[in-house]
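Participant: Following this line is run-v8.tsv, made up of TSV, C-alpha atoms:
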```tsv
chain	number	residue	atom	x	y	z
A	509	MET	CA	-1.90	37.46	9.30
A	510	THR	CA	-2.27	39.15	5.91
A	511	GLY	CA	-0.15	41.77	4.27
A	512	VAL	CA	3.15	40.57	5.70
A	513	VAL	CA	4.23	39.32	2.32
A	514	GLU	CA	7.65	40.12	0.97
A	515	GLU	CA	7.10	42.05	-2.22
A	516	VAL	CA	10.47	41.15	-3.69
A	517	GLY	CA	12.32	37.92	-4.27
A	518	LEU	CA	11.46	34.29	-4.68
A	519	GLY	CA	8.26	34.54	-2.64
A	520	THR	CA	6.72	36.63	-5.40
A	521	MET	CA	7.36	33.94	-8.01
A	522	SER	CA	4.47	31.66	-8.87
A	523	LEU	CA	4.73	28.10	-7.57
A	524	GLN	CA	5.31	27.00	-11.14
A	525	ARG	CA	8.11	29.48	-11.76
A	526	PHE	CA	9.80	28.73	-8.46
A	527	ALA	CA	9.84	24.97	-9.20
A	528	ALA	CA	11.13	25.70	-12.71
A	529	ALA	CA	13.87	27.92	-11.28
A	530	LEU	CA	14.98	25.01	-9.09
A	531	ALA	CA	14.99	22.70	-12.11
A	532	SER	CA	17.18	24.98	-14.21
A	533	ALA	CA	20.91	24.28	-14.46
A	534	GLU	CA	21.62	27.50	-12.51
A	535	PRO	CA	23.08	26.50	-9.13
A	536	ALA	CA	20.93	29.07	-7.27
A	537	PRO	CA	18.20	28.61	-6.16
A	538	GLY	CA	19.26	25.12	-5.15
A	539	GLY	CA	18.76	22.61	-2.39
A	540	SER	CA	19.57	24.91	0.49
A	541	THR	CA	16.99	27.44	-0.74
A	542	ALA	CA	14.40	24.72	-1.25
A	543	ALA	CA	14.99	23.43	2.30
A	544	ALA	CA	13.27	26.46	3.84
A	545	VAL	CA	10.09	25.96	1.81
A	546	PRO	CA	8.70	22.86	3.54
A	547	GLY	CA	9.29	24.64	6.87
A	548	ALA	CA	7.14	27.54	5.66
A	549	LEU	CA	4.53	25.09	4.34
A	550	ALA	CA	4.52	23.33	7.70
A	551	ALA	CA	4.03	26.62	9.54
A	552	GLY	CA	1.12	27.42	7.20
A	553	LEU	CA	-0.48	24.05	7.87
A	554	VAL	CA	-0.06	24.39	11.63
A	555	ALA	CA	-1.81	27.77	11.54
A	556	MET	CA	-4.60	26.40	9.37
A	557	ALA	CA	-5.12	23.33	11.58
A	558	ALA	CA	-5.19	25.52	14.69
A	559	ARG	CA	-7.71	27.90	13.08
A	560	LEU	CA	-9.93	25.07	11.82
A	561	THR	CA	-10.13	23.64	15.34
A	562	MET	CA	-10.74	27.04	16.95
A	563	ALA	CA	-13.67	27.70	14.63
A	564	SER	CA	-15.76	24.95	16.24
A	565	ASP	CA	-15.55	26.44	19.74
A	566	PRO	CA	-14.09	29.95	19.52
A	567	PHE	CA	-14.41	30.94	23.19
A	568	SER	CA	-12.88	27.89	24.86
A	569	ASP	CA	-9.50	27.74	26.63
A	570	LEU	CA	-8.33	25.45	23.85
A	571	ALA	CA	-9.21	28.11	21.25
A	572	PHE	CA	-7.23	30.67	23.26
A	573	ASP	CA	-4.13	28.43	23.19
A	574	LEU	CA	-4.61	27.58	19.53
A	575	ASP	CA	-4.92	31.24	18.63
A	576	ALA	CA	-1.51	31.88	20.16
A	577	ILE	CA	-0.11	28.92	18.22
A	578	ALA	CA	-1.63	30.18	14.95
A	579	GLN	CA	-0.09	33.60	15.48
A	580	GLU	CA	3.34	32.23	16.28
A	581	ALA	CA	3.09	29.94	13.25
A	582	ASP	CA	2.23	32.95	11.06
A	583	GLU	CA	5.40	34.70	12.21
A	584	LEU	CA	7.50	31.61	11.64
A	585	ARG	CA	6.05	31.23	8.14
A	586	VAL	CA	6.98	34.79	7.21
A	587	GLU	CA	10.49	34.38	8.67
A	588	LEU	CA	11.02	31.10	6.84
A	589	LEU	CA	9.91	32.68	3.60
A	590	GLU	CA	12.41	35.50	4.15
A	591	LEU	CA	15.10	32.87	4.68
A	592	VAL	CA	14.34	31.48	1.22
A	593	ASP	CA	15.59	34.77	-0.20
A	594	GLU	CA	18.43	35.20	2.27
A	595	ASP	CA	19.66	31.73	1.42
A	596	ALA	CA	19.45	32.31	-2.31
A	597	GLU	CA	21.45	35.55	-1.94
A	598	ALA	CA	24.12	34.05	0.31
A	599	PHE	CA	24.51	31.05	-1.97
A	600	ALA	CA	24.73	33.27	-5.04
A	601	ARG	CA	27.65	35.07	-3.34
A	602	VAL	CA	29.45	31.73	-2.91
A	603	ILE	CA	29.01	30.98	-6.60
A	604	GLU	CA	30.22	34.47	-7.44
A	605	ALA	CA	33.30	34.09	-5.21
A	606	LEU	CA	34.17	30.80	-6.89
A	607	GLY	CA	34.35	32.84	-10.10
A	608	PRO	CA	35.42	33.43	-12.70
A	609	PRO	CA	37.02	35.71	-11.68
A	610	ARG	CA	37.94	33.71	-8.59
A	611	ALA	CA	38.00	35.61	-5.29
A	612	THR	CA	40.81	35.12	-2.74
A	613	PRO	CA	40.63	31.96	-0.56
A	614	ASP	CA	39.84	34.23	2.37
A	615	GLU	CA	36.88	35.78	0.59
A	616	ILE	CA	35.65	32.38	-0.54
A	617	GLU	CA	35.86	31.10	3.03
A	618	ARG	CA	33.88	34.09	4.29
A	619	ALA	CA	31.23	33.56	1.58
A	620	TYR	CA	30.82	29.94	2.65
A	621	GLU	CA	30.60	30.91	6.31
A	622	ALA	CA	27.91	33.47	5.54
A	623	ALA	CA	26.02	30.87	3.51
A	624	VAL	CA	25.85	28.57	6.57
A	625	GLU	CA	23.79	31.15	8.48
A	626	PRO	CA	20.43	30.94	6.65
A	627	PRO	CA	20.13	27.13	6.74
A	628	SER	CA	21.21	27.12	10.41
A	629	HIS	CA	18.42	29.56	11.09
A	630	VAL	CA	16.01	27.34	9.12
A	631	CYS	CA	16.95	24.44	11.42
A	632	ARG	CA	16.07	26.46	14.50
A	633	LEU	CA	12.78	27.81	13.14
A	634	SER	CA	11.66	24.48	11.70
A	635	SER	CA	12.24	22.75	14.99
A	636	ARG	CA	9.97	25.30	16.65
A	637	VAL	CA	7.34	24.66	13.93
A	638	LEU	CA	7.70	20.96	14.72
A	639	GLU	CA	6.89	21.62	18.39
A	640	LEU	CA	3.82	23.64	17.46
A	641	ALA	CA	2.69	20.95	15.00
A	642	ASP	CA	3.05	18.35	17.74
A	643	GLU	CA	0.79	20.33	19.99
A	644	VAL	CA	-1.90	20.85	17.34
A	645	ALA	CA	-1.69	17.17	16.31
A	646	ALA	CA	-2.37	16.25	19.94
A	647	ARG	CA	-5.12	18.79	20.64
A	648	GLY	CA	-6.73	19.62	17.29
A	649	ASP	CA	-9.92	18.04	15.97
A	650	PRO	CA	-9.41	14.88	13.82
A	651	HIS	CA	-9.25	16.54	10.39
A	652	ALA	CA	-7.03	19.31	11.66
A	653	ALA	CA	-4.85	16.75	13.40
A	654	ALA	CA	-4.23	15.07	10.02
A	655	ASP	CA	-3.02	18.38	8.60
A	656	ALA	CA	-0.86	18.88	11.67
A	657	ARG	CA	0.72	15.46	11.06
A	658	VAL	CA	1.55	16.50	7.49
A	659	ALA	CA	3.03	19.66	9.02
A	660	LYS	CA	5.22	17.50	11.28
A	661	LEU	CA	6.56	15.62	8.26
A	662	PHE	CA	7.34	18.85	6.45
A	663	ALA	CA	8.93	20.55	9.42
A	664	SER	CA	11.23	17.60	10.02
A	665	ALA	CA	12.08	17.34	6.31
A	666	SER	CA	12.96	21.02	6.36
A	667	LEU	CA	15.06	20.60	9.48
A	668	GLU	CA	16.96	17.62	8.06
A	669	ALA	CA	17.37	19.17	4.62
A	670	ALA	CA	18.74	22.37	6.12
A	671	ALA	CA	21.06	20.28	8.32
A	672	VAL	CA	22.44	18.44	5.26
A	673	THR	CA	23.06	21.84	3.68
A	674	VAL	CA	24.78	23.20	6.78
A	675	GLU	CA	27.05	20.14	6.82
A	676	THR	CA	27.97	20.50	3.16
A	677	LEU	CA	28.68	24.21	3.38
A	678	SER	CA	30.65	23.90	6.64
A	679	SER	CA	32.83	21.16	5.20
A	680	ALA	CA	33.40	23.30	2.10
A	681	ALA	CA	34.29	26.24	4.35
A	682	SER	CA	36.81	24.22	6.35
A	683	ALA	CA	38.33	22.83	3.15
A	684	ARG	CA	38.89	26.44	2.08
A	685	ARG	CA	40.46	27.24	5.43
A	686	ARG	CA	42.90	24.35	5.06
A	687	GLU	CA	43.73	25.49	1.55
A	688	ALA	CA	44.29	29.05	2.73
A	689	SER	CA	46.59	27.99	5.58
A	690	ARG	CA	48.58	25.74	3.23
A	691	ARG	CA	49.14	28.67	0.92
A	692	SER	CA	50.16	31.09	3.65
A	693	ARG	CA	52.81	28.72	4.93
B	530	MET	CA	-8.97	27.98	-8.44
B	531	SER	CA	-5.43	27.51	-9.71
B	532	TYR	CA	-2.64	27.64	-7.19
B	533	ARG	CA	0.10	26.88	-9.70
B	534	GLY	CA	0.02	30.47	-10.87
B	535	THR	CA	-0.18	32.06	-7.41
B	536	THR	CA	2.99	33.29	-5.78
B	537	VAL	CA	4.77	31.22	-3.15
B	538	ALA	CA	4.03	33.88	-0.55
B	539	ARG	CA	0.33	34.06	-1.43
B	540	PHE	CA	0.01	30.26	-1.46
B	541	LEU	CA	1.52	30.10	2.02
B	542	GLU	CA	-0.87	32.75	3.27
B	543	GLU	CA	-3.89	30.92	1.90
B	544	LEU	CA	-2.58	27.72	3.41
B	545	SER	CA	-2.49	29.36	6.86
B	546	SER	CA	-6.01	30.67	6.64
B	547	GLY	CA	-8.83	28.87	8.41
B	548	ALA	CA	-10.24	27.76	5.04
B	549	ALA	CA	-9.96	24.04	4.34
B	550	THR	CA	-8.26	24.52	0.94
B	551	PRO	CA	-5.45	24.63	0.12
B	552	GLY	CA	-4.56	22.01	2.71
B	553	GLY	CA	-2.07	19.25	3.45
B	554	GLY	CA	-2.62	17.44	0.15
B	555	CYS	CA	-1.73	20.54	-1.88
B	556	ALA	CA	1.34	21.13	0.24
B	557	ALA	CA	2.43	17.51	-0.30
B	558	ALA	CA	2.11	17.81	-4.08
B	559	LEU	CA	4.09	21.05	-4.04
B	560	SER	CA	6.84	19.43	-2.00
B	561	GLY	CA	7.04	16.66	-4.64
B	562	ALA	CA	7.26	19.23	-7.45
B	563	LEU	CA	10.13	21.00	-5.67
B	564	ALA	CA	11.93	17.67	-5.24
B	565	ALA	CA	11.51	16.89	-8.96
B	566	GLY	CA	12.90	20.34	-9.75
B	567	LEU	CA	16.01	19.67	-7.67
B	568	VAL	CA	16.56	16.25	-9.27
B	569	ALA	CA	16.34	17.89	-12.71
B	570	MET	CA	18.78	20.62	-11.68
B	571	VAL	CA	21.41	18.14	-10.50
B	572	ALA	CA	20.91	15.97	-13.59
B	573	ARG	CA	21.29	19.03	-15.81
B	574	ASN	CA	24.53	19.97	-14.09
B	575	THR	CA	25.95	16.48	-14.49
B	576	GLY	CA	25.67	15.96	-18.23
B	577	GLY	CA	24.76	12.72	-19.95
B	578	LEU	CA	21.59	12.36	-17.87
B	579	ASP	CA	19.14	13.68	-20.45
B	580	GLU	CA	16.59	10.97	-19.80
B	581	ILE	CA	16.48	11.77	-16.09
B	582	VAL	CA	16.18	15.48	-16.88
B	583	ALA	CA	13.21	14.85	-19.17
B	584	GLU	CA	11.46	12.52	-16.77
B	585	ALA	CA	12.00	14.79	-13.76
B	586	ASP	CA	10.68	17.79	-15.71
B	587	GLY	CA	7.57	15.77	-16.60
B	588	LEU	CA	7.06	14.71	-12.98
B	589	ARG	CA	7.45	18.29	-11.81
B	590	CYS	CA	4.69	19.49	-14.16
B	591	GLU	CA	2.40	16.63	-13.17
B	592	LEU	CA	2.94	17.29	-9.48
B	593	GLU	CA	2.21	20.99	-10.01
B	594	GLU	CA	-1.07	20.01	-11.65
B	595	LEU	CA	-1.81	17.79	-8.68
B	596	VAL	CA	-1.59	20.80	-6.34
B	597	ASP	CA	-4.66	22.11	-8.14
B	598	ALA	CA	-6.30	18.70	-8.54
B	599	ASP	CA	-6.15	18.12	-4.79
B	600	ALA	CA	-7.72	21.49	-4.04
B	601	ALA	CA	-10.44	20.91	-6.64
B	602	ALA	CA	-11.29	17.47	-5.26
B	603	PHE	CA	-11.60	18.75	-1.72
B	604	GLY	CA	-13.67	21.67	-2.97
B	605	ALA	CA	-16.04	19.16	-4.62
B	606	VAL	CA	-16.49	17.28	-1.32
B	607	MET	CA	-17.40	20.47	0.48
B	608	ALA	CA	-19.79	21.49	-2.32
B	609	ALA	CA	-21.47	18.07	-2.12
B	610	PHE	CA	-22.08	18.54	1.62
B	611	ARG	CA	-23.94	21.77	0.83
B	612	LEU	CA	-26.39	20.00	-1.52
B	613	PRO	CA	-30.06	19.96	-0.37
B	614	LYS	CA	-31.25	16.94	1.62
B	615	GLU	CA	-35.00	17.48	1.92
B	616	THR	CA	-36.39	14.63	-0.18
B	617	VAL	CA	-35.29	10.99	-0.48
B	618	GLU	CA	-33.97	11.60	-4.00
B	619	GLN	CA	-31.99	14.62	-2.85
B	620	LYS	CA	-30.52	12.59	-0.03
B	621	THR	CA	-29.46	9.81	-2.41
B	622	GLU	CA	-27.99	12.29	-4.85
B	623	ARG	CA	-26.18	14.16	-2.14
B	624	SER	CA	-24.66	11.04	-0.68
B	625	ALA	CA	-23.54	9.84	-4.15
B	626	ALA	CA	-21.92	13.23	-4.78
B	627	ILE	CA	-20.15	13.09	-1.42
B	628	GLN	CA	-18.83	9.60	-2.16
B	629	ALA	CA	-17.66	10.64	-5.65
B	630	GLY	CA	-15.96	13.68	-4.14
B	631	TYR	CA	-14.14	11.61	-1.53
B	632	LYS	CA	-12.94	9.21	-4.23
B	633	ALA	CA	-11.47	12.13	-6.18
B	634	ALA	CA	-9.96	13.36	-2.91
B	635	VAL	CA	-8.27	9.96	-2.56
B	636	GLU	CA	-7.15	9.73	-6.19
B	637	ALA	CA	-5.23	13.02	-6.19
B	638	PRO	CA	-2.99	12.28	-3.18
B	639	LEU	CA	-2.64	8.64	-4.30
B	640	LEU	CA	-1.22	9.90	-7.57
B	641	VAL	CA	1.07	12.22	-5.60
B	642	CYS	CA	2.32	9.13	-3.68
B	643	ARG	CA	3.10	7.32	-6.94
B	644	ARG	CA	4.80	10.26	-8.59
B	645	ALA	CA	6.78	11.13	-5.47
B	646	LEU	CA	7.93	7.51	-5.33
B	647	ARG	CA	9.29	7.87	-8.85
B	648	VAL	CA	11.01	11.15	-7.90
B	649	LEU	CA	12.66	9.26	-5.03
B	650	GLU	CA	13.89	6.59	-7.45
B	651	LEU	CA	15.36	9.27	-9.70
B	652	ALA	CA	16.95	10.96	-6.67
B	653	GLY	CA	18.61	7.61	-5.92
B	654	SER	CA	20.00	7.40	-9.46
B	655	VAL	CA	21.24	10.96	-9.31
B	656	ALA	CA	22.87	10.32	-5.93
B	657	GLU	CA	24.93	7.67	-7.67
B	658	LEU	CA	25.51	9.21	-11.10
B	659	GLY	CA	25.19	12.91	-10.36
B	660	ASN	CA	27.77	15.63	-9.90
B	661	PRO	CA	29.24	15.05	-6.40
B	662	ASN	CA	29.32	18.81	-5.77
B	663	ALA	CA	25.53	18.78	-5.81
B	664	ILE	CA	25.15	15.92	-3.35
B	665	SER	CA	23.41	18.03	-0.71
B	666	ASP	CA	20.85	19.09	-3.33
B	667	VAL	CA	20.14	15.39	-3.89
B	668	GLY	CA	19.71	14.96	-0.14
B	669	VAL	CA	17.21	17.81	0.02
B	670	ALA	CA	15.38	16.34	-3.00
B	671	ALA	CA	15.11	12.93	-1.32
B	672	LEU	CA	13.78	14.48	1.90
B	673	LEU	CA	11.22	16.61	0.06
B	674	ALA	CA	10.06	13.72	-2.11
B	675	ALA	CA	9.75	11.44	0.92
B	676	SER	CA	7.70	13.97	2.86
B	677	ALA	CA	5.53	14.53	-0.24
B	678	LEU	CA	4.89	10.80	-0.36
B	679	GLU	CA	4.18	10.38	3.33
B	680	GLY	CA	2.14	13.57	3.54
B	681	ALA	CA	0.02	12.49	0.58
B	682	ALA	CA	-0.36	9.03	2.14
B	683	LEU	CA	-1.84	10.61	5.29
B	684	ASN	CA	-4.34	12.46	3.09
B	685	VAL	CA	-5.31	9.27	1.28
B	686	GLU	CA	-5.90	7.58	4.61
B	687	ILE	CA	-8.00	10.30	6.18
B	688	ASN	CA	-10.24	10.55	3.10
B	689	LEU	CA	-10.52	6.76	2.76
B	690	GLY	CA	-12.16	6.76	6.17
B	691	SER	CA	-15.23	8.45	4.65
B	692	ILE	CA	-15.57	6.04	1.70
B	693	LYS	CA	-18.17	3.31	1.96
B	694	ASP	CA	-17.03	1.14	-0.98
B	695	GLU	CA	-15.01	-1.47	0.90
B	696	ILE	CA	-13.25	-2.98	-2.10
B	697	TYR	CA	-12.08	0.45	-3.19
B	698	ARG	CA	-10.99	1.23	0.35
B	699	ALA	CA	-8.94	-1.96	0.63
B	700	GLU	CA	-7.26	-1.47	-2.75
B	701	ALA	CA	-6.36	2.15	-2.20
B	702	GLY	CA	-5.21	1.36	1.34
B	703	SER	CA	-2.83	-1.33	0.19
B	704	ALA	CA	-1.56	0.79	-2.73
B	705	VAL	CA	-0.68	3.58	-0.36
B	706	GLN	CA	0.96	1.23	2.12
B	707	SER	CA	3.22	-0.34	-0.51
B	708	ALA	CA	4.19	3.09	-1.86
B	709	ARG	CA	5.04	4.13	1.67
B	710	ASP	CA	7.14	1.02	2.37
B	711	GLU	CA	9.00	1.32	-0.91
B	712	GLY	CA	9.45	5.07	-0.42
B	713	GLY	CA	10.93	4.62	3.04
B	714	LYS	CA	13.58	2.27	1.68
B	715	LEU	CA	14.44	4.55	-1.24
B	716	ARG	CA	14.68	7.57	1.05
B	717	ASP	CA	17.03	5.79	3.46
B	718	ALA	CA	19.20	4.45	0.62
B	719	ALA	CA	19.50	7.87	-1.04
B	720	LEU	CA	20.31	9.63	2.25
B	721	GLU	CA	22.89	7.00	3.13
B	722	ARG	CA	24.66	7.73	-0.13
B	723	VAL	CA	24.46	11.46	0.55
B	724	VAL	CA	25.94	11.07	4.03
B	725	GLU	CA	28.76	8.85	2.70
B	726	ALA	CA	29.58	11.42	0.05
B	727	LEU	CA	29.73	14.19	2.65
B	728	ARG	CA	32.29	12.33	4.78
```
Could I get this file's structure written as structure tokens?
Facilitator:
Amino acid sequence: MTGVVEEVGLGTMSLQRFAAALASAEPAPGGSTAAAVPGALAAGLVAMAARLTMASDPFSDLAFDLDAIAQEADELRVELLELVDEDAEAFARVIEALGPPRATPDEIERAYEAAVEPPSHVCRLSSRVLELADEVAARGDPHAAADARVAKLFASASLEAAAVTVETLSSAASARRREASRRSR
Amino acid sequence: MSYRGTTVARFLEELSSGAATPGGGCAAALSGALAAGLVAMVARNTGGLDEIVAEADGLRCELEELVDADAAAFGAVMAAFRLPKETVEQKTERSAAIQAGYKAAVEAPLLVCRRALRVLELAGSVAELGNPNAISDVGVAALLAASALEGAALNVEINLGSIKDEIYRAEAGSAVQSARDEGGKLRDAALERVVEALR
């Protein structure tokens, strides 16, 4: 569980600095980057809730299942944290393409298409976190179940927020495509 | 222990550990701080929204402090449970300390509810007045603020269950319920505006 921390990027910022970076007028990191964070928080809470429940009866069948959930949640957390950086990079390339100097419509379209990938991935991972949270909420002890319910809220917020981002970026990408085809005619 | 200064990656790792802090309440406060940050960013990129910028920056800092306040309160509850309970006096003292700890563990997430509610209101204003290019950022802000509010509300409720003072329990319970009702409406209204703008 430990040591799998990305040593570069937004994950190494303090909570305070990360929130301040969002608040700055710089477009990146922005909403799409922030969308991955609640997913990672949810995965962290799922793992904690599973571990808290396991601790009371470590050799039961339930503990065996919860251990598997905690490990999967650890992996999802690390992946979601990596997506924070991937998103920030992809989005920065969109901003760069929009210039100045402005890239060609083709390049801009490609930048937008690439920027859709990280939030789409966040949607998939967060929905898996949601499933795991559901299971821990149903089977964990009462205090852990409360944390698992918070995890459910966060995982669905992450999923929806990433979906809003995907929609925005895809519609921007198709607007670029229309523009490009108009020009080539 | 201050989590504000820890890295995002480290905070997430500590969250996943089997230790009870940081827990859901801390995560809820952080989610609110991120939402306030996004509201401030959109307001900054719009121009003419200086008051919203200033208020959102203030809310962000307060919510960051609440990440630590929540952890500290829960730490105090656990410390109170470890107090000795041999004599009658010790038992009385211990139970008073536990009750005081639980009240602090209610106050922190209750404050997160209130502040997140305000962030949601600001997100609504920014959805209307803000730069339309940043509309998805507003949507993300509304979702994060709403989950901060609801997540904190769950923490208020679970800790209220351990409080014996019935008047306090009723008051805090109704405060959290009204914040939740109001927050739900604000969230839906903000997201509706976001979805309209995306069409």
Participant: List every residue of chain A that has an atom at most 6 Å from any atom of chain B, and for each one report the closest atom pair and its distance in Å to one decimal, counting all atoms listed in the file, with rows sorted by chain and then by increasing residue number, as a Markdown table.
Facilitator:
```
| residue | atom | partner | partner_atom | distance |
| --- | --- | --- | --- | --- |
| A:Gly519 | CA | B:Ala538 | CA | 4.8 |
| A:Thr520 | CA | B:Thr536 | CA | 5.0 |
| A:Met521 | CA | B:Thr536 | CA | 4.9 |
| A:Ser522 | CA | B:Thr536 | CA | 3.8 |
| A:Leu523 | CA | B:Arg533 | CA | 5.2 |
| A:Gln524 | CA | B:Arg533 | CA | 5.4 |
| A:Ala527 | CA | B:Leu563 | CA | 5.3 |
| A:Leu530 | CA | B:Gly566 | CA | 5.2 |
| A:Ala531 | CA | B:Gly566 | CA | 3.9 |
| A:Ser532 | CA | B:Met570 | CA | 5.3 |
| A:Ala533 | CA | B:Met570 | CA | 5.1 |
| A:Gly539 | CA | B:Asp666 | CA | 4.2 |
| A:Gly552 | CA | B:Ser545 | CA | 4.1 |
| A:Leu553 | CA | B:Ser545 | CA | 5.8 |
| A:Ala555 | CA | B:Ser545 | CA | 5.0 |
| A:Met556 | CA | B:Ser545 | CA | 4.4 |
| A:Arg559 | CA | B:Gly547 | CA | 4.9 |
| A:Leu560 | CA | B:Gly547 | CA | 5.2 |
| A:Asp655 | CA | B:Gly553 | CA | 5.3 |
| A:Val658 | CA | B:Gly680 | CA | 5.0 |
| A:Leu661 | CA | B:Ser676 | CA | 5.8 |
| A:Ala665 | CA | B:Leu672 | CA | 5.5 |
| A:Ala669 | CA | B:Val669 | CA | 4.8 |
| A:Thr673 | CA | B:Ser665 | CA | 5.8 |
```
Participant: Between CA of Ala663 (chain A) and CA of Ala550 (chain A), what is the spacing in Å?
Facilitator: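 These atoms are spaced 5.5 Å apart.
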Participant: Please provide as a PyMOL selection string all residues within 6 Å of Ala578 (chain A), with the sequence filter that same-chain residues fewer than 3 positions apart are discarded (counting all atoms listed in the file).
Facilitator: chain A and resi 555+558+575+581
Participant: Using all atoms listed in the file, determine which residues lie at most 10 Å from Gly712 (chain B), disregarding the query and same-chain residues fewer than 2 positions distant; provide the list as a list in words.
Facilitator: Cys642, Arg643, Ala645, Leu646, Arg647, Val648, Leu649, Glu650, Ala671, Ala674, Ala675, Ser676, Leu678, Glu679, Gln706, Ser707, Ala708, Arg709, Asp710, Lys714, Leu715, Arg716, Asp717 and Ala718 of chain B
Participant: Near region 568-571 of chain A, counting all atoms listed in the file, which residues have an atom at most 12 Å away, once you skip same-chain residues fewer than 5 positions from it, shown as an mmCIF file with C-alpha atoms, in the frame of the given file?
Facilitator:
```
data_model
loop_
_atom_site.group_PDB
_atom_site.id
_atom_site.type_symbol
_atom_site.label_atom_id
_atom_site.label_comp_id
_atom_site.auth_asym_id
_atom_site.auth_seq_id
_atom_site.Cartn_x
_atom_site.Cartn_y
_atom_site.Cartn_z
ATOM 1 C CA ALA A 557 -5.120 23.330 11.580
ATOM 2 C CA ALA A 558 -5.190 25.520 14.690
ATOM 3 C CA ARG A 559 -7.710 27.900 13.080
ATOM 4 C CA LEU A 560 -9.930 25.070 11.820
ATOM 5 C CA THR A 561 -10.130 23.640 15.340
ATOM 6 C CA MET A 562 -10.740 27.040 16.950
ATOM 7 C CA ALA A 563 -13.670 27.700 14.630
ATOM 8 C CA ALA A 576 -1.510 31.880 20.160
ATOM 9 C CA ILE A 577 -0.110 28.920 18.220
ATOM 10 C CA ALA A 578 -1.630 30.180 14.950
ATOM 11 C CA GLU A 643 0.790 20.330 19.990
ATOM 12 C CA VAL A 644 -1.900 20.850 17.340
ATOM 13 C CA ALA A 646 -2.370 16.250 19.940
ATOM 14 C CA ARG A 647 -5.120 18.790 20.640
ATOM 15 C CA GLY A 648 -6.730 19.620 17.290
ATOM 16 C CA ASP A 649 -9.920 18.040 15.970
#
```
Participant: Can you tell me, as a list in words, what residues are no more than 7 Å from region 602-605 of chain A when counting all atoms listed in the file, ignoring any on the same chain fewer than 4 positions away?
Facilitator: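 Residues near the query, excluding close chain neighbours: Ala598, Arg610, Ala611, Ile616, Ala619 and Tyr620 of chain A.
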Participant: Would you mind telling me which residue in B:Glu591, B:Glu584, B:Thr621, B:Ala558 lies nearest to Pro546 (chain A) when using only C-alpha atoms?
Facilitator: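 The shortest atom-to-atom distance to Pro546 (chain A) comes from B:Ala558.
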Participant: If I take CA of Arg684 (chain A) and CA of Glu617 (chain A), how far is one from the other in Å, to one decimal?
Facilitator: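 Those two atoms sit 5.6 Å apart.
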Participant: If I only have part of region 518-529 of chain A, can you fill in N, CA and C atoms and write it as a PDB file, in the frame of the given file?
Facilitator:
```pdb
ATOM      1  N   LEU A 518      12.005  35.558  -4.211  1.00  0.00           N
ATOM      2  CA  LEU A 518      11.460  34.290  -4.680  1.00  0.00           C
ATOM      3  C   LEU A 518      10.013  34.078  -4.251  1.00  0.00           C
ATOM      4  N   GLY A 519       9.634  34.686  -3.127  1.00  0.00           N
ATOM      5  CA  GLY A 519       8.260  34.540  -2.640  1.00  0.00           C
ATOM      6  C   GLY A 519       7.230  35.090  -3.610  1.00  0.00           C
ATOM      7  N   THR A 520       7.664  36.040  -4.453  1.00  0.00           N
ATOM      8  CA  THR A 520       6.720  36.630  -5.400  1.00  0.00           C
ATOM      9  C   THR A 520       6.656  35.847  -6.708  1.00  0.00           C
ATOM     10  N   MET A 521       7.482  34.800  -6.823  1.00  0.00           N
ATOM     11  CA  MET A 521       7.360  33.940  -8.010  1.00  0.00           C
ATOM     12  C   MET A 521       6.147  33.042  -7.841  1.00  0.00           C
ATOM     13  N   SER A 522       5.557  32.632  -8.973  1.00  0.00           N
ATOM     14  CA  SER A 522       4.470  31.660  -8.870  1.00  0.00           C
ATOM     15  C   SER A 522       5.089  30.312  -8.482  1.00  0.00           C
ATOM     16  N   LEU A 523       4.250  29.425  -7.943  1.00  0.00           N
ATOM     17  CA  LEU A 523       4.730  28.100  -7.570  1.00  0.00           C
ATOM     18  C   LEU A 523       5.425  27.444  -8.749  1.00  0.00           C
ATOM     19  N   GLN A 524       4.775  27.594  -9.925  1.00  0.00           N
ATOM     20  CA  GLN A 524       5.310  27.000 -11.140  1.00  0.00           C
ATOM     21  C   GLN A 524       6.691  27.552 -11.480  1.00  0.00           C
ATOM     22  N   ARG A 525       6.827  28.882 -11.393  1.00  0.00           N
ATOM     23  CA  ARG A 525       8.110  29.480 -11.760  1.00  0.00           C
ATOM     24  C   ARG A 525       9.194  29.133 -10.755  1.00  0.00           C
ATOM     25  N   PHE A 526       8.815  29.072  -9.484  1.00  0.00           N
ATOM     26  CA  PHE A 526       9.800  28.730  -8.460  1.00  0.00           C
ATOM     27  C   PHE A 526      10.323  27.309  -8.695  1.00  0.00           C
ATOM     28  N   ALA A 527       9.412  26.359  -8.953  1.00  0.00           N
ATOM     29  CA  ALA A 527       9.840  24.970  -9.200  1.00  0.00           C
ATOM     30  C   ALA A 527      10.685  24.896 -10.467  1.00  0.00           C
ATOM     31  N   ALA A 528      10.341  25.694 -11.476  1.00  0.00           N
ATOM     32  CA  ALA A 528      11.130  25.700 -12.710  1.00  0.00           C
ATOM     33  C   ALA A 528      12.513  26.302 -12.476  1.00  0.00           C
ATOM     34  N   ALA A 529      12.576  27.313 -11.600  1.00  0.00           N
ATOM     35  CA  ALA A 529      13.870  27.920 -11.280  1.00  0.00           C
ATOM     36  C   ALA A 529      14.779  26.913 -10.581  1.00  0.00           C
TER      37      ALA A 529
END
```
